[in-house]
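Working notes for the structure below.
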Amino acid sequence: MKYALKNGIILDGTEHMEPLAGYTVAIEGKRIREIVPDSQFTDRCRVIDLQRSYILPGLINLHVHLASDGKPPRAGQKPPNYKKLFQTLSGSRIVRAVLFRMTMGYARTELMSGVTTIRTVGGILDLDARVRDAVKAGKTAGPRILAANTGISVPGGHFAGSIATEAESPEMAREHVRKIAATKPDLIKLMITGGVMDASEEGEPGVLRMAPEIVKAACEEAHQLGFKAAAHVESPEGVRVALENGVDTIEHGAVLTEEMIRLFKERGAAHICTISPALPYAVFDLKESNAQPAAKKNGKVVMDGIIACAKACRENGIPVGLGNDTGCPFVLHYNFWRELHGGGIFSFGAEYCMDQRREIMGLAEGFQRRIYY
Ligand SMILES: [Zn+2]
């Protein structure tokens with residue numbers, strides 16, 4: 001089947017792209033046959049008028065918590081007890097079934113927002129893989145999914161007992177990896193340090209929680225079974241421990257030393273930059289973010305660390321991918337574009353952040369009024 005897209009603005013995804021107008025995109029079957037100036041397109045086929053909409057390559061969101069909606073807390077609302085919430089959500093068959101349907105809906109939203117591939121990094125039980133398989137089987141609309149399913153943390157660690165199981169020893173970590181492997185994931189996720197959401201002290205968002213021996217055991221087991229290991233890391237010490245013990249992708253990141261840059265290269269590791277989740281903590285007033293007091297300073301530490309990490313990696317030829325940590329407060333399944341736009345922080349600094357703040361607050365307001373689209 002042949003058809004043509006006209007009157008769109010093309011973003012071709014190349015590094016120095018300029019928005020391109022006045023071109024026709026000719027499609028044959030499932031492939032783009034050619035992109036030519038309107039005047040040169042003379043084929044007789046079905047024409048779709050894009051009415052100045054944008055047309056761009058499918059986006060890839062590398063850091064998603066698929067089962068979570070990203071709804072920000074209301075004023076005065078305490079952070080939920082995630083362990084309890086997980087028990088409620090996973091405890092009954094009916095609730096699990098409802099959650100599965102909701103998660104399929106979130107996957108659909110990712111697709112409708114222009115994201116054609118997602119990578120999940122910490123979910124509830126095996127939901128992510130089940131949604132992946134439902135999409136593959138054509139039962140629901142959604143992006144391609146690389147699923148981590150549940151992650152591995154340690155007692156008292158990041159999201160322990162909710163979207164990550166607790167490993168108390170290296171042996172237990174290996175056992176957890178094997179159990180997760182049985183749920184047919186595509187990668188294994190580790191929670192090595194704390195995060196902004198669970199830090200109670202100012203200046204301590206990325207405190208090391210997982211002992212190096214546990215990181216090593218989990219990575220070895222994951223590699224043996226053919227999986228890459230992704231790790232939540234939000235401090236320099238965490239980055240070092242992760243890279244020294246076999247982690248393949250540093251999720252979030254922190255300020256790097258020369259030694260860490262060397263480790264990145266030696267291991268062939270990559271950085272997954274996530275500005276979106278830290279930004280509301282770092283730049284919103286507390287009464288807007290409704291976060292815990294320590295979260296504002298910690299959010300800033302983490303955001304600056306992530307940006308510094310991405311910059312250092314780019315300068316040193318280390319691959320940098322983007323994810324928006326969908327599911328964190330204010331990070332919704334339809335706003336991955338914001339993370340791409342987040343590149344603006346590199347050049348525009350604080351002023352840009354304030355711009356973002358206004359936009360996100362507008363979105364959050366709509367969200368609370370349940371106006372989603
Ligand atoms: Zn995350």
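Residue numbering restarts at 1 in every chain; chains get A, B, ... in the order shown in the structure tokens, and ligands count up from 1 in that same order.
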Write out as a PyMOL selection string each polymer residue whose atoms come within 10 Å of Leu332 in chain A, counting only C-alpha atoms; drop sequence neighbours fewer than 2 positions from it. chain A and resi 64+68-72+106+109-110+276+324-330+334-336+363-364+367+372
Write out, as a PDB file, in the first residue's frame, the residues just selected, with C-alpha atoms.
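Output file result-v6.pdb follows:
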```pdb
ATOM      1  CA  VAL A  64      10.388   3.690  32.934  1.00  0.00           C
ATOM      2  CA  SER A  68       3.252   3.817  38.238  1.00  0.00           C
ATOM      3  CA  ASP A  69       1.334   6.897  37.066  1.00  0.00           C
ATOM      4  CA  GLY A  70       3.515   9.791  38.248  1.00  0.00           C
ATOM      5  CA  LYS A  71       0.752  11.582  40.075  1.00  0.00           C
ATOM      6  CA  PRO A  72       2.267  14.227  42.367  1.00  0.00           C
ATOM      7  CA  TYR A 106       0.215   3.378  30.552  1.00  0.00           C
ATOM      8  CA  THR A 109       0.038   6.314  26.548  1.00  0.00           C
ATOM      9  CA  GLU A 110       3.811   6.012  26.055  1.00  0.00           C
ATOM     10  CA  SER A 276      12.948  14.818  34.819  1.00  0.00           C
ATOM     11  CA  ASN A 324      12.647  10.134  32.266  1.00  0.00           C
ATOM     12  CA  ASP A 325      12.000   7.839  35.243  1.00  0.00           C
ATOM     13  CA  THR A 326       8.309   7.745  34.381  1.00  0.00           C
ATOM     14  CA  GLY A 327       6.229   7.126  37.460  1.00  0.00           C
ATOM     15  CA  CYS A 328       8.172   9.470  39.759  1.00  0.00           C
ATOM     16  CA  PRO A 329       6.080  12.446  40.976  1.00  0.00           C
ATOM     17  CA  PHE A 330       5.303  14.849  38.095  1.00  0.00           C
ATOM     18  CA  TYR A 334       3.075  11.157  28.055  1.00  0.00           C
ATOM     19  CA  ASN A 335       5.882  13.578  28.780  1.00  0.00           C
ATOM     20  CA  PHE A 336       9.077  11.888  27.683  1.00  0.00           C
ATOM     21  CA  LEU A 363       0.586  19.870  33.647  1.00  0.00           C
ATOM     22  CA  ALA A 364       0.339  18.872  37.290  1.00  0.00           C
ATOM     23  CA  PHE A 367      -3.388  16.070  36.138  1.00  0.00           C
ATOM     24  CA  TYR A 372      -5.022  14.027  30.978  1.00  0.00           C
TER      25      TYR A 372
END
```
Quick check for you: according to DSSP on this backbone, which residues of range 130-257 of chain A are classed as helix (DSSP H, G or I)? Reply as a PyMOL selection string. chain A and resi 130-136+170-181+212-224+236-244
Can you work out which one of A:Lys136, A:His252, A:Lys296, A:Arg338 has the shortest atom-to-atom distance to ligand 1, counting only C-alpha atoms and all ligand atoms?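 The shortest atom-to-atom distance to ligand 1 comes from A:His252.
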Each residue of chain A lying at most 10 Å from ligand 1 should get a row with its shortest atom-to-atom pair and the distance in Å to one decimal, counting only C-alpha atoms and all ligand atoms; could you produce that, ordered by chain and increasing number, as a Markdown table?
```
| residue | atom | partner | partner_atom_place_in_ligand_line | distance |
| --- | --- | --- | --- | --- |
| A:Leu62 | CA | ligand 1 | 1 (Zn) | 9.9 |
| A:His63 | CA | ligand 1 | 1 (Zn) | 6.2 |
| A:Val64 | CA | ligand 1 | 1 (Zn) | 6.6 |
| A:His65 | CA | ligand 1 | 1 (Zn) | 6.5 |
| A:Thr120 | CA | ligand 1 | 1 (Zn) | 8.7 |
| A:Val121 | CA | ligand 1 | 1 (Zn) | 6.4 |
| A:Gly122 | CA | ligand 1 | 1 (Zn) | 7.0 |
| A:Gly123 | CA | ligand 1 | 1 (Zn) | 9.7 |
| A:His158 | CA | ligand 1 | 1 (Zn) | 9.8 |
| A:Phe159 | CA | ligand 1 | 1 (Zn) | 9.7 |
| A:Ile163 | CA | ligand 1 | 1 (Zn) | 9.9 |
| A:Lys189 | CA | ligand 1 | 1 (Zn) | 9.7 |
| A:Met191 | CA | ligand 1 | 1 (Zn) | 9.2 |
| A:Gly195 | CA | ligand 1 | 1 (Zn) | 9.2 |
| A:Ala231 | CA | ligand 1 | 1 (Zn) | 9.3 |
| A:His232 | CA | ligand 1 | 1 (Zn) | 6.8 |
| A:Val233 | CA | ligand 1 | 1 (Zn) | 9.7 |
| A:Glu251 | CA | ligand 1 | 1 (Zn) | 7.6 |
| A:His252 | CA | ligand 1 | 1 (Zn) | 8.0 |
| A:Thr274 | CA | ligand 1 | 1 (Zn) | 8.5 |
| A:Pro277 | CA | ligand 1 | 1 (Zn) | 8.4 |
| A:Gly323 | CA | ligand 1 | 1 (Zn) | 8.8 |
| A:Asn324 | CA | ligand 1 | 1 (Zn) | 8.2 |
| A:Asp325 | CA | ligand 1 | 1 (Zn) | 4.7 |
| A:Thr326 | CA | ligand 1 | 1 (Zn) | 7.4 |
| A:Gly327 | CA | ligand 1 | 1 (Zn) | 8.0 |
| A:Cys328 | CA | ligand 1 | 1 (Zn) | 7.4 |
```
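Separating CA of Glu258 in chain A from CA of Ala229 in chain A is a distance of 22.7 Å.
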Using only C-alpha atoms, the residue out of A:Leu111, A:Ala167, A:Leu99, A:Leu263 with shortest distance to Leu127 in chain A is A:Leu99
12 Å contact set for range 241-247 of chain A, only C-alpha atoms, chain neighbours under 3 positions out, as a PyMOL selection string: chain A and resi 187-193+207-224+227-238+250-251+253-254+256+259-271
Could you work out how far CA of Pro155 in chain A lies from CA of Glu168 in chain A, giving the answer in Å with one decimal?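 Those two atoms sit 6.7 Å apart.
Straight-line separation from CA of Ile145 in chain A to CA of Arg33 in chain A: 26.7 Å.
Using only C-alpha atoms, the smallest distance between any of A:His333, A:Ala164, A:Lys78, A:Ala147 and Gly114 in chain A comes from A:His333.
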Residues within 7 Å of Gly142 in chain A, please, as a short mmCIF file (atom, residue, chain, number, x, y, z; two decimals) with N, CA and C atoms, in the first residue's frame. Count only C-alpha atoms; anything in the same chain fewer than 3 positions from it doesn't count.
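Below is the file that was written, around.cif:
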```cif
data_model
loop_
_atom_site.label_atom_id
_atom_site.label_comp_id
_atom_site.auth_asym_id
_atom_site.auth_seq_id
_atom_site.Cartn_x
_atom_site.Cartn_y
_atom_site.Cartn_z
N ALA A 107 1.26 1.84 28.98
CA ALA A 107 2.11 1.49 27.84
C ALA A 107 1.54 2.16 26.58
N ARG A 108 0.23 2.13 26.46
CA ARG A 108 -0.43 2.73 25.31
C ARG A 108 -0.16 4.24 25.29
N LEU A 111 3.20 5.05 23.92
CA LEU A 111 3.19 4.97 22.45
C LEU A 111 2.54 6.20 21.83
N VAL A 135 1.67 -6.77 24.08
CA VAL A 135 1.91 -5.86 22.95
C VAL A 135 2.42 -6.67 21.76
#
```
Neighbours of Thr117 in chain A within 6 Å (only C-alpha atoms; same-chain residues fewer than 5 positions away dropped), as a PyMOL selection string? chain A and resi 60+143-145
